[in-house]
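Participant: Contents are PDB, N, CA, C and O atoms and all ligand atoms; file name query-v4.pdb:
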```pdb
ATOM      1  N   MET A   1       1.116  13.319 -23.036
ATOM      2  CA  MET A   1       0.850  13.930 -21.742
ATOM      3  C   MET A   1       2.039  13.705 -20.802
ATOM      4  O   MET A   1       1.880  13.500 -19.621
ATOM      5  N   ALA A   2       3.203  13.699 -21.359
ATOM      6  CA  ALA A   2       4.392  13.456 -20.538
ATOM      7  C   ALA A   2       4.695  14.675 -19.676
ATOM      8  O   ALA A   2       4.832  15.776 -20.178
ATOM      9  N   LYS A   3       4.765  14.406 -18.381
ATOM     10  CA  LYS A   3       5.086  15.494 -17.478
ATOM     11  C   LYS A   3       6.590  15.554 -17.282
ATOM     12  O   LYS A   3       7.265  14.543 -17.300
ATOM     13  N   ASP A   4       7.055  16.738 -17.101
ATOM     14  CA  ASP A   4       8.478  16.898 -16.871
ATOM     15  C   ASP A   4       8.773  16.723 -15.382
ATOM     16  O   ASP A   4       8.713  17.662 -14.611
ATOM     17  N   ILE A   5       9.021  15.479 -15.020
ATOM     18  CA  ILE A   5       9.287  15.191 -13.613
ATOM     19  C   ILE A   5      10.795  15.036 -13.414
ATOM     20  O   ILE A   5      11.430  14.259 -14.122
ATOM     21  N   ARG A   6      11.304  15.778 -12.494
ATOM     22  CA  ARG A   6      12.721  15.660 -12.223
ATOM     23  C   ARG A   6      12.947  14.603 -11.146
ATOM     24  O   ARG A   6      12.362  14.674 -10.075
ATOM     25  N   VAL A   7      13.752  13.620 -11.466
ATOM     26  CA  VAL A   7      14.034  12.554 -10.513
ATOM     27  C   VAL A   7      15.471  12.711 -10.025
ATOM     28  O   VAL A   7      16.391  12.841 -10.826
ATOM     29  N   SER A   8      15.600  12.690  -8.725
ATOM     30  CA  SER A   8      16.952  12.787  -8.186
ATOM     31  C   SER A   8      17.184  11.695  -7.159
ATOM     32  O   SER A   8      16.243  11.167  -6.576
ATOM     33  N   GLU A   9      18.424  11.318  -6.986
ATOM     34  CA  GLU A   9      18.772  10.300  -6.002
ATOM     35  C   GLU A   9      18.393  10.803  -4.610
ATOM     36  O   GLU A   9      18.649  11.952  -4.271
ATOM     37  N   PRO A  10      17.786   9.901  -3.804
ATOM     38  CA  PRO A  10      17.513  10.303  -2.423
ATOM     39  C   PRO A  10      18.826  10.551  -1.669
ATOM     40  O   PRO A  10      19.866  10.019  -2.047
ATOM     41  N   SER A  11      18.735  11.322  -0.621
ATOM     42  CA  SER A  11      19.922  11.569   0.190
ATOM     43  C   SER A  11      20.408  10.255   0.800
ATOM     44  O   SER A  11      19.665   9.277   0.883
ATOM     45  N   LEU A  12      21.667  10.240   1.233
ATOM     46  CA  LEU A  12      22.224   9.028   1.834
ATOM     47  C   LEU A  12      21.387   8.569   3.026
ATOM     48  O   LEU A  12      21.131   7.379   3.198
ATOM     49  N   GLU A  13      20.944   9.529   3.818
ATOM     50  CA  GLU A  13      20.128   9.197   4.976
ATOM     51  C   GLU A  13      18.834   8.511   4.531
ATOM     52  O   GLU A  13      18.401   7.523   5.099
ATOM     53  N   MET A  14      18.246   9.045   3.476
ATOM     54  CA  MET A  14      17.005   8.482   2.958
ATOM     55  C   MET A  14      17.250   7.100   2.363
ATOM     56  O   MET A  14      16.443   6.177   2.565
ATOM     57  N   GLN A  15      18.340   6.948   1.634
ATOM     58  CA  GLN A  15      18.647   5.628   1.059
ATOM     59  C   GLN A  15      18.787   4.582   2.157
ATOM     60  O   GLN A  15      18.381   3.431   1.997
ATOM     61  N   GLU A  16      19.395   4.972   3.264
ATOM     62  CA  GLU A  16      19.558   4.064   4.393
ATOM     63  C   GLU A  16      18.195   3.680   4.963
ATOM     64  O   GLU A  16      17.939   2.523   5.288
ATOM     65  N   LYS A  17      17.297   4.632   5.038
ATOM     66  CA  LYS A  17      15.939   4.357   5.527
ATOM     67  C   LYS A  17      15.213   3.395   4.594
ATOM     68  O   LYS A  17      14.477   2.516   5.038
ATOM     69  N   ILE A  18      15.421   3.579   3.301
ATOM     70  CA  ILE A  18      14.765   2.703   2.321
ATOM     71  C   ILE A  18      15.270   1.277   2.481
ATOM     72  O   ILE A  18      14.494   0.316   2.475
ATOM     73  N   LYS A  19      16.579   1.135   2.654
ATOM     74  CA  LYS A  19      17.153  -0.200   2.838
ATOM     75  C   LYS A  19      16.614  -0.850   4.100
ATOM     76  O   LYS A  19      16.276  -2.029   4.119
ATOM     77  N   ARG A  20      16.541  -0.051   5.161
ATOM     78  CA  ARG A  20      16.046  -0.573   6.428
ATOM     79  C   ARG A  20      14.592  -1.027   6.284
ATOM     80  O   ARG A  20      14.190  -2.063   6.802
ATOM     81  N   ALA A  21      13.798  -0.247   5.591
ATOM     82  CA  ALA A  21      12.389  -0.585   5.395
ATOM     83  C   ALA A  21      12.261  -1.883   4.600
ATOM     84  O   ALA A  21      11.413  -2.722   4.899
ATOM     85  N   ARG A  22      13.134  -2.049   3.608
ATOM     86  CA  ARG A  22      13.075  -3.272   2.809
ATOM     87  C   ARG A  22      13.383  -4.501   3.648
ATOM     88  O   ARG A  22      12.765  -5.543   3.501
ATOM     89  N   ARG A  23      14.363  -4.336   4.524
ATOM     90  CA  ARG A  23      14.698  -5.458   5.407
ATOM     91  C   ARG A  23      13.540  -5.736   6.355
ATOM     92  O   ARG A  23      13.237  -6.882   6.668
ATOM     93  N   ALA A  24      12.908  -4.687   6.844
ATOM     94  CA  ALA A  24      11.830  -4.842   7.820
ATOM     95  C   ALA A  24      10.631  -5.587   7.234
ATOM     96  O   ALA A  24       9.983  -6.366   7.923
ATOM     97  N   ILE A  25      10.352  -5.364   5.969
ATOM     98  CA  ILE A  25       9.170  -6.015   5.400
ATOM     99  C   ILE A  25       9.481  -7.392   4.818
ATOM    100  O   ILE A  25       8.571  -8.131   4.469
ATOM    101  N   ALA A  26      10.765  -7.732   4.752
ATOM    102  CA  ALA A  26      11.148  -9.013   4.145
ATOM    103  C   ALA A  26      10.527 -10.189   4.887
ATOM    104  O   ALA A  26      10.216 -11.214   4.280
ATOM    105  N   SER A  27      10.322 -10.051   6.199
ATOM    106  CA  SER A  27       9.802 -11.166   6.981
ATOM    107  C   SER A  27       8.307 -11.032   7.230
ATOM    108  O   SER A  27       7.723 -11.827   7.940
ATOM    109  N   GLN A  28       7.707 -10.010   6.665
ATOM    110  CA  GLN A  28       6.290  -9.800   6.920
ATOM    111  C   GLN A  28       5.423 -10.306   5.767
ATOM    112  O   GLN A  28       5.839 -10.304   4.629
ATOM    113  N   LYS A  29       4.225 -10.692   6.171
ATOM    114  CA  LYS A  29       3.266 -11.068   5.138
ATOM    115  C   LYS A  29       2.742  -9.804   4.478
ATOM    116  O   LYS A  29       2.501  -8.813   5.155
ATOM    117  N   MET A  30       2.580  -9.857   3.201
ATOM    118  CA  MET A  30       1.969  -8.714   2.550
ATOM    119  C   MET A  30       0.683  -9.123   1.872
ATOM    120  O   MET A  30       0.461 -10.289   1.584
ATOM    121  N   ARG A  31      -0.162  -8.135   1.719
ATOM    122  CA  ARG A  31      -1.408  -8.468   1.059
ATOM    123  C   ARG A  31      -1.794  -7.278   0.200
ATOM    124  O   ARG A  31      -1.451  -6.137   0.502
ATOM    125  N   THR A  32      -2.454  -7.574  -0.867
ATOM    126  CA  THR A  32      -2.816  -6.497  -1.777
ATOM    127  C   THR A  32      -4.279  -6.148  -1.591
ATOM    128  O   THR A  32      -5.098  -6.995  -1.268
ATOM    129  N   VAL A  33      -4.566  -4.876  -1.766
ATOM    130  CA  VAL A  33      -5.939  -4.406  -1.687
ATOM    131  C   VAL A  33      -6.349  -3.962  -3.084
ATOM    132  O   VAL A  33      -5.632  -3.224  -3.750
ATOM    133  N   LYS A  34      -7.474  -4.472  -3.507
ATOM    134  CA  LYS A  34      -7.919  -4.165  -4.863
ATOM    135  C   LYS A  34      -8.631  -2.826  -4.937
ATOM    136  O   LYS A  34      -9.314  -2.424  -4.002
ATOM    137  N   CYS A  35      -8.484  -2.182  -6.060
ATOM    138  CA  CYS A  35      -9.227  -0.965  -6.332
ATOM    139  C   CYS A  35     -10.710  -1.319  -6.386
ATOM    140  O   CYS A  35     -11.100  -2.253  -7.091
ATOM    141  N   PRO A  36     -11.554  -0.597  -5.625
ATOM    142  CA  PRO A  36     -12.983  -0.917  -5.636
ATOM    143  C   PRO A  36     -13.656  -0.603  -6.973
ATOM    144  O   PRO A  36     -14.768  -1.055  -7.229
ATOM    145  N   TYR A  37     -13.009   0.154  -7.806
ATOM    146  CA  TYR A  37     -13.598   0.555  -9.086
ATOM    147  C   TYR A  37     -13.283  -0.422 -10.212
ATOM    148  O   TYR A  37     -14.158  -0.791 -10.989
ATOM    149  N   CYS A  38     -12.009  -0.824 -10.296
ATOM    150  CA  CYS A  38     -11.637  -1.656 -11.452
ATOM    151  C   CYS A  38     -11.006  -2.981 -11.044
ATOM    152  O   CYS A  38     -10.596  -3.753 -11.893
ATOM    153  N   GLN A  39     -10.920  -3.249  -9.744
ATOM    154  CA  GLN A  39     -10.392  -4.517  -9.220
ATOM    155  C   GLN A  39      -8.911  -4.732  -9.500
ATOM    156  O   GLN A  39      -8.394  -5.817  -9.342
ATOM    157  N   HIS A  40      -8.239  -3.676  -9.908
ATOM    158  CA  HIS A  40      -6.805  -3.774 -10.094
ATOM    159  C   HIS A  40      -6.140  -3.751  -8.722
ATOM    160  O   HIS A  40      -6.580  -3.042  -7.833
ATOM    161  N   ASN A  41      -5.086  -4.536  -8.537
ATOM    162  CA  ASN A  41      -4.378  -4.515  -7.260
ATOM    163  C   ASN A  41      -3.671  -3.175  -7.072
ATOM    164  O   ASN A  41      -2.644  -2.919  -7.682
ATOM    165  N   THR A  42      -4.286  -2.345  -6.259
ATOM    166  CA  THR A  42      -3.827  -0.968  -6.154
ATOM    167  C   THR A  42      -2.715  -0.780  -5.142
ATOM    168  O   THR A  42      -1.711  -0.155  -5.431
ATOM    169  N   ILE A  43      -2.900  -1.312  -3.942
ATOM    170  CA  ILE A  43      -1.900  -1.076  -2.913
ATOM    171  C   ILE A  43      -1.501  -2.357  -2.214
ATOM    172  O   ILE A  43      -2.249  -3.339  -2.186
ATOM    173  N   VAL A  44      -0.325  -2.337  -1.677
ATOM    174  CA  VAL A  44       0.200  -3.455  -0.914
ATOM    175  C   VAL A  44       0.323  -3.003   0.534
ATOM    176  O   VAL A  44       0.882  -1.946   0.806
ATOM    177  N   VAL A  45      -0.251  -3.767   1.436
ATOM    178  CA  VAL A  45      -0.100  -3.447   2.854
ATOM    179  C   VAL A  45       0.609  -4.595   3.555
ATOM    180  O   VAL A  45       0.474  -5.757   3.171
ATOM    181  N   PHE A  46       1.367  -4.243   4.571
ATOM    182  CA  PHE A  46       2.124  -5.237   5.312
ATOM    183  C   PHE A  46       1.492  -5.449   6.674
ATOM    184  O   PHE A  46       0.599  -4.706   7.074
ATOM    185  N   GLU A  47       1.995  -6.479   7.385
ATOM    186  CA  GLU A  47       1.396  -6.836   8.676
ATOM    187  C   GLU A  47       1.371  -5.676   9.654
ATOM    188  O   GLU A  47       0.473  -5.579  10.473
ATOM    189  N   ASP A  48       2.350  -4.804   9.578
ATOM    190  CA  ASP A  48       2.386  -3.717  10.552
ATOM    191  C   ASP A  48       1.722  -2.443  10.037
ATOM    192  O   ASP A  48       1.827  -1.390  10.645
ATOM    193  N   THR A  49       1.020  -2.549   8.937
ATOM    194  CA  THR A  49       0.302  -1.383   8.431
ATOM    195  C   THR A  49      -0.935  -1.138   9.298
ATOM    196  O   THR A  49      -1.718  -2.046   9.536
ATOM    197  N   ARG A  50      -1.064   0.080   9.779
ATOM    198  CA  ARG A  50      -2.190   0.435  10.638
ATOM    199  C   ARG A  50      -2.834   1.702  10.101
ATOM    200  O   ARG A  50      -2.158   2.580   9.596
ATOM    201  N   GLY A  51      -4.139   1.772  10.271
ATOM    202  CA  GLY A  51      -4.805   3.019   9.955
ATOM    203  C   GLY A  51      -5.088   3.209   8.478
ATOM    204  O   GLY A  51      -5.333   2.249   7.755
ATOM    205  N   HIS A  52      -5.035   4.450   8.068
ATOM    206  CA  HIS A  52      -5.474   4.782   6.727
ATOM    207  C   HIS A  52      -4.321   4.920   5.756
ATOM    208  O   HIS A  52      -3.264   5.437   6.088
ATOM    209  N   VAL A  53      -4.546   4.452   4.564
ATOM    210  CA  VAL A  53      -3.592   4.678   3.485
ATOM    211  C   VAL A  53      -4.363   5.215   2.286
ATOM    212  O   VAL A  53      -5.523   4.852   2.054
ATOM    213  N   GLN A  54      -3.719   6.072   1.562
ATOM    214  CA  GLN A  54      -4.357   6.616   0.367
ATOM    215  C   GLN A  54      -3.573   6.145  -0.838
ATOM    216  O   GLN A  54      -2.349   6.160  -0.854
ATOM    217  N   ALA A  55      -4.297   5.678  -1.826
ATOM    218  CA  ALA A  55      -3.619   5.187  -3.011
ATOM    219  C   ALA A  55      -4.371   5.620  -4.254
ATOM    220  O   ALA A  55      -5.600   5.693  -4.268
ATOM    221  N   LYS A  56      -3.622   5.905  -5.272
ATOM    222  CA  LYS A  56      -4.235   6.234  -6.553
ATOM    223  C   LYS A  56      -4.047   5.034  -7.473
ATOM    224  O   LYS A  56      -2.929   4.550  -7.652
ATOM    225  N   CYS A  57      -5.141   4.573  -8.021
ATOM    226  CA  CYS A  57      -5.079   3.400  -8.884
ATOM    227  C   CYS A  57      -4.333   3.735 -10.165
ATOM    228  O   CYS A  57      -4.620   4.730 -10.824
ATOM    229  N   LYS A  58      -3.372   2.888 -10.490
ATOM    230  CA  LYS A  58      -2.589   3.131 -11.700
ATOM    231  C   LYS A  58      -3.394   2.853 -12.952
ATOM    232  O   LYS A  58      -3.094   3.351 -14.019
ATOM    233  N   ARG A  59      -4.392   2.027 -12.821
ATOM    234  CA  ARG A  59      -5.145   1.650 -14.015
ATOM    235  C   ARG A  59      -6.260   2.628 -14.338
ATOM    236  O   ARG A  59      -6.347   3.144 -15.437
ATOM    237  N   CYS A  60      -7.143   2.901 -13.346
ATOM    238  CA  CYS A  60      -8.299   3.749 -13.650
ATOM    239  C   CYS A  60      -8.160   5.170 -13.111
ATOM    240  O   CYS A  60      -8.957   6.027 -13.445
ATOM    241  N   GLY A  61      -7.149   5.400 -12.266
ATOM    242  CA  GLY A  61      -6.889   6.749 -11.805
ATOM    243  C   GLY A  61      -7.705   7.190 -10.604
ATOM    244  O   GLY A  61      -7.537   8.307 -10.132
ATOM    245  N   HIS A  62      -8.599   6.342 -10.091
ATOM    246  CA  HIS A  62      -9.362   6.702  -8.910
ATOM    247  C   HIS A  62      -8.458   6.746  -7.679
ATOM    248  O   HIS A  62      -7.629   5.865  -7.482
ATOM    249  N   GLU A  63      -8.675   7.773  -6.876
ATOM    250  CA  GLU A  63      -7.929   7.870  -5.647
ATOM    251  C   GLU A  63      -8.824   7.411  -4.519
ATOM    252  O   GLU A  63      -9.933   7.910  -4.353
ATOM    253  N   THR A  64      -8.368   6.444  -3.762
ATOM    254  CA  THR A  64      -9.199   5.877  -2.708
ATOM    255  C   THR A  64      -8.445   5.863  -1.390
ATOM    256  O   THR A  64      -7.255   5.583  -1.363
ATOM    257  N   VAL A  65      -9.155   6.165  -0.313
ATOM    258  CA  VAL A  65      -8.576   6.038   1.014
ATOM    259  C   VAL A  65      -9.073   4.729   1.616
ATOM    260  O   VAL A  65     -10.267   4.456   1.631
ATOM    261  N   PHE A  66      -8.145   3.916   2.055
ATOM    262  CA  PHE A  66      -8.505   2.644   2.665
ATOM    263  C   PHE A  66      -8.225   2.704   4.161
ATOM    264  O   PHE A  66      -7.209   3.239   4.580
ATOM    265  N   ASP A  67      -9.125   2.140   4.943
ATOM    266  CA  ASP A  67      -8.866   1.954   6.361
ATOM    267  C   ASP A  67      -8.453   0.502   6.534
ATOM    268  O   ASP A  67      -9.268  -0.409   6.509
ATOM    269  N   VAL A  68      -7.165   0.307   6.694
ATOM    270  CA  VAL A  68      -6.629  -1.056   6.692
ATOM    271  C   VAL A  68      -7.234  -1.894   7.809
ATOM    272  O   VAL A  68      -7.598  -3.042   7.615
ATOM    273  N   LEU A  69      -7.356  -1.317   8.997
ATOM    274  CA  LEU A  69      -7.870  -2.090  10.125
ATOM    275  C   LEU A  69      -9.323  -2.491   9.930
ATOM    276  O   LEU A  69      -9.699  -3.619  10.191
ATOM    277  N   SER A  70     -10.146  -1.578   9.471
ATOM    278  CA  SER A  70     -11.556  -1.909   9.322
ATOM    279  C   SER A  70     -11.758  -2.916   8.200
ATOM    280  O   SER A  70     -12.674  -3.723   8.225
ATOM    281  N   MET A  71     -10.856  -2.884   7.216
ATOM    282  CA  MET A  71     -10.982  -3.860   6.141
ATOM    283  C   MET A  71     -10.624  -5.242   6.622
ATOM    284  O   MET A  71     -11.122  -6.231   6.147
ATOM    285  N   ARG A  72      -9.698  -5.302   7.588
ATOM    286  CA  ARG A  72      -9.343  -6.580   8.171
ATOM    287  C   ARG A  72     -10.537  -7.162   8.929
ATOM    288  O   ARG A  72     -10.845  -8.325   8.819
ATOM    289  N   ARG A  73     -11.188  -6.275   9.713
ATOM    290  CA  ARG A  73     -12.362  -6.730  10.459
ATOM    291  C   ARG A  73     -13.458  -7.208   9.511
ATOM    292  O   ARG A  73     -14.108  -8.190   9.742
ATOM    293  N   LEU A  74     -13.596  -6.479   8.441
ATOM    294  CA  LEU A  74     -14.597  -6.816   7.437
ATOM    295  C   LEU A  74     -14.367  -8.230   6.914
ATOM    296  O   LEU A  74     -15.287  -9.012   6.767
ATOM    297  N   LYS A  75     -13.111  -8.544   6.675
ATOM    298  CA  LYS A  75     -12.778  -9.837   6.122
ATOM    299  C   LYS A  75     -13.057 -10.947   7.135
ATOM    300  O   LYS A  75     -13.563 -11.996   6.791
ATOM    301  N   LEU A  76     -12.764 -10.679   8.411
ATOM    302  CA  LEU A  76     -13.047 -11.658   9.448
ATOM    303  C   LEU A  76     -14.540 -11.926   9.535
ATOM    304  O   LEU A  76     -14.964 -13.059   9.616
ATOM    305  N   GLY A  77     -15.336 -10.850   9.496
ATOM    306  CA  GLY A  77     -16.771 -10.984   9.573
ATOM    307  C   GLY A  77     -17.328 -11.837   8.450
ATOM    308  O   GLY A  77     -18.306 -12.542   8.605
ATOM    309  N   PHE A  78     -16.640 -11.781   7.344
ATOM    310  CA  PHE A  78     -17.024 -12.544   6.170
ATOM    311  C   PHE A  78     -17.124 -14.032   6.466
ATOM    312  O   PHE A  78     -18.046 -14.702   6.066
ATOM    313  N   TYR A  79     -16.138 -14.536   7.215
ATOM    314  CA  TYR A  79     -16.080 -15.970   7.453
ATOM    315  C   TYR A  79     -17.056 -16.430   8.523
ATOM    316  O   TYR A  79     -17.402 -17.588   8.608
ATOM    317  N   GLN A  80     -17.494 -15.470   9.357
ATOM    318  CA  GLN A  80     -18.433 -15.837  10.411
ATOM    319  C   GLN A  80     -19.834 -16.020   9.839
ATOM    320  O   GLN A  80     -20.611 -16.806  10.343
ATOM    321  N   GLY A  81     -20.114 -15.270   8.805
ATOM    322  CA  GLY A  81     -21.463 -15.302   8.251
ATOM    323  C   GLY A  81     -21.791 -16.633   7.572
ATOM    324  O   GLY A  81     -20.926 -17.444   7.292
ATOM    325  N   GLY A  82     -23.096 -16.850   7.342
ATOM    326  CA  GLY A  82     -23.486 -18.031   6.606
ATOM    327  C   GLY A  82     -23.730 -19.151   7.558
ATOM    328  O   GLY A  82     -24.002 -20.243   7.320
TER
HETATM  329 ZN    ZN B 101      -8.873   1.260 -10.378
END
```
Rewrite the coordinates I just gave you, this time as structure tokens.

Facilitator:
Amino acid sequence: MAKDIRVSEPSLEMQEKIKRARRAIASQKMRTVKCPYCQHNTIVVFEDTRGHVQAKCKRCGHETVFDVLSMRRLKLGFYQGG
């Protein structure tokens, strides 16, 4: 099922943006969000990630939209309970 995907080098402007982004996240905490279907670590979010991200799980192929902020609140609520 090999798809014929053409890969080309990003433009110089884009490469510069990629480098800048890498530097920007170097000092940030990152956290992984697991796929709700197979528990595989599907996406990585950084401290400045806000709002919704969509990710397709590499393992099971499910596409899920995550609301990063609401998931953070969910996690906080977790510790208050009990
Ligand atoms: Zn999955």

Participant: Could you give me, as JSON lines, a per-residue list for chain A showing, wherever an atom lies at most 6 Å from an atom of ligand ZN 101 (chain B), the closest pair of atoms and their distance in Å to one decimal, using all atoms listed in the file and sorting by chain then residue number from low to high?

Facilitator:
```
{"residue": "A:Cys35", "atom": "CA", "partner": "B:ZN101", "partner_atom": "ZN", "distance": 4.6}
{"residue": "A:Pro36", "atom": "N", "partner": "B:ZN101", "partner_atom": "ZN", "distance": 5.8}
{"residue": "A:Tyr37", "atom": "C", "partner": "B:ZN101", "partner_atom": "ZN", "distance": 4.7}
{"residue": "A:Cys38", "atom": "N", "partner": "B:ZN101", "partner_atom": "ZN", "distance": 3.8}
{"residue": "A:Gln39", "atom": "N", "partner": "B:ZN101", "partner_atom": "ZN", "distance": 5.0}
{"residue": "A:His40", "atom": "N", "partner": "B:ZN101", "partner_atom": "ZN", "distance": 5.0}
{"residue": "A:Cys57", "atom": "CA", "partner": "B:ZN101", "partner_atom": "ZN", "distance": 4.6}
{"residue": "A:Lys58", "atom": "N", "partner": "B:ZN101", "partner_atom": "ZN", "distance": 5.7}
{"residue": "A:Arg59", "atom": "C", "partner": "B:ZN101", "partner_atom": "ZN", "distance": 4.9}
{"residue": "A:Cys60", "atom": "N", "partner": "B:ZN101", "partner_atom": "ZN", "distance": 3.8}
{"residue": "A:Gly61", "atom": "N", "partner": "B:ZN101", "partner_atom": "ZN", "distance": 4.9}
{"residue": "A:His62", "atom": "N", "partner": "B:ZN101", "partner_atom": "ZN", "distance": 5.1}
```

Participant: May I ask which of the residues A:Val33, A:Glu16, A:Val7, A:Glu47 is the closest one to Val65 in chain A, counting only C-alpha atoms?

Facilitator: A:Val33

Participant: Enumerate the residues of range 35-68 of chain A with a DSSP assignment of strand (DSSP E or B), computed from the backbone, and present them as JSON, numbers by chain.

Facilitator: {"A": [41, 42, 43, 44, 45, 46, 52, 53, 54, 55, 56, 63, 64, 65, 66, 67]}

Participant: Using only C-alpha atoms, find the one residue out of A:Arg23, A:Val44, A:Lys3, A:His52 that sits nearest to Thr64 in chain A.

Facilitator: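 Counting only C-alpha atoms, the residue closest to Thr64 in chain A is A:His52.
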
Participant: Rounded to one decimal in Å, what is the spacing between atom O of Asp48 in chain A and atom N of Leu69 in chain A?

Facilitator: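 Atom-to-atom, atom O of Asp48 in chain A to atom N of Leu69 in chain A, that is 9.3 Å.
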
Participant: How far is it from CA of Arg22 in chain A to CA of Asn41 in chain A, in Å with one decimal?

Facilitator: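 Here the two named atoms are 20.2 Å from each other.
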
Participant: Looking at A:Ala26, A:Lys34, A:Val68, A:Arg20, which one is nearest to Thr49 in chain A, with distances taken over only C-alpha atoms?

Facilitator: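 Of A:Ala26, A:Lys34, A:Val68, A:Arg20, the one nearest Thr49 in chain A is A:Val68, counting only C-alpha atoms.
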
Participant: Find the residue from A:Gln15, A:Asp4, A:Phe46, A:Glu9 that sits nearest to Gln28 in chain A; use only N, CA, C and O atoms when measuring.

Facilitator: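 Nearest candidate to Gln28 in chain A out of A:Gln15, A:Asp4, A:Phe46, A:Glu9: A:Phe46.
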
Participant: Let me know the centre plus edge lengths, in Å and rounded to one decimal, of a box with edges along x, y and z that contains all listed atoms of range 8-12 of chain A and is padded by 4 Å on every side, as JSON.

Facilitator:
```
{"center_x": 18.9, "center_y": 10.1, "center_z": -2.8, "size_x": 14.6, "size_y": 13.4, "size_z": 19.9}
```

Participant: What does the distance between CA of Thr32 in chain A and CA of Glu63 in chain A come to in Å, to one decimal place?

Facilitator: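 Distance between the two atoms: 15.7 Å.
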
Participant: What parts of chain A does DSSP call alpha helix (DSSP H)? I'd like the answer as a list of chain:residue names.

Facilitator: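 Secondary structure check on chain A, alpha helix (DSSP H): A:Leu12, A:Glu13, A:Met14, A:Gln15, A:Glu16, A:Lys17, A:Ile18, A:Lys19, A:Arg20, A:Ala21, A:Arg22, A:Arg23, A:Ala24, A:Ile25, A:Ala26, A:Val68, A:Leu69, A:Ser70, A:Met71, A:Arg72, A:Arg73, A:Leu74, A:Lys75, A:Leu76, A:Gly77, A:Phe78, A:Tyr79, A:Gln80.
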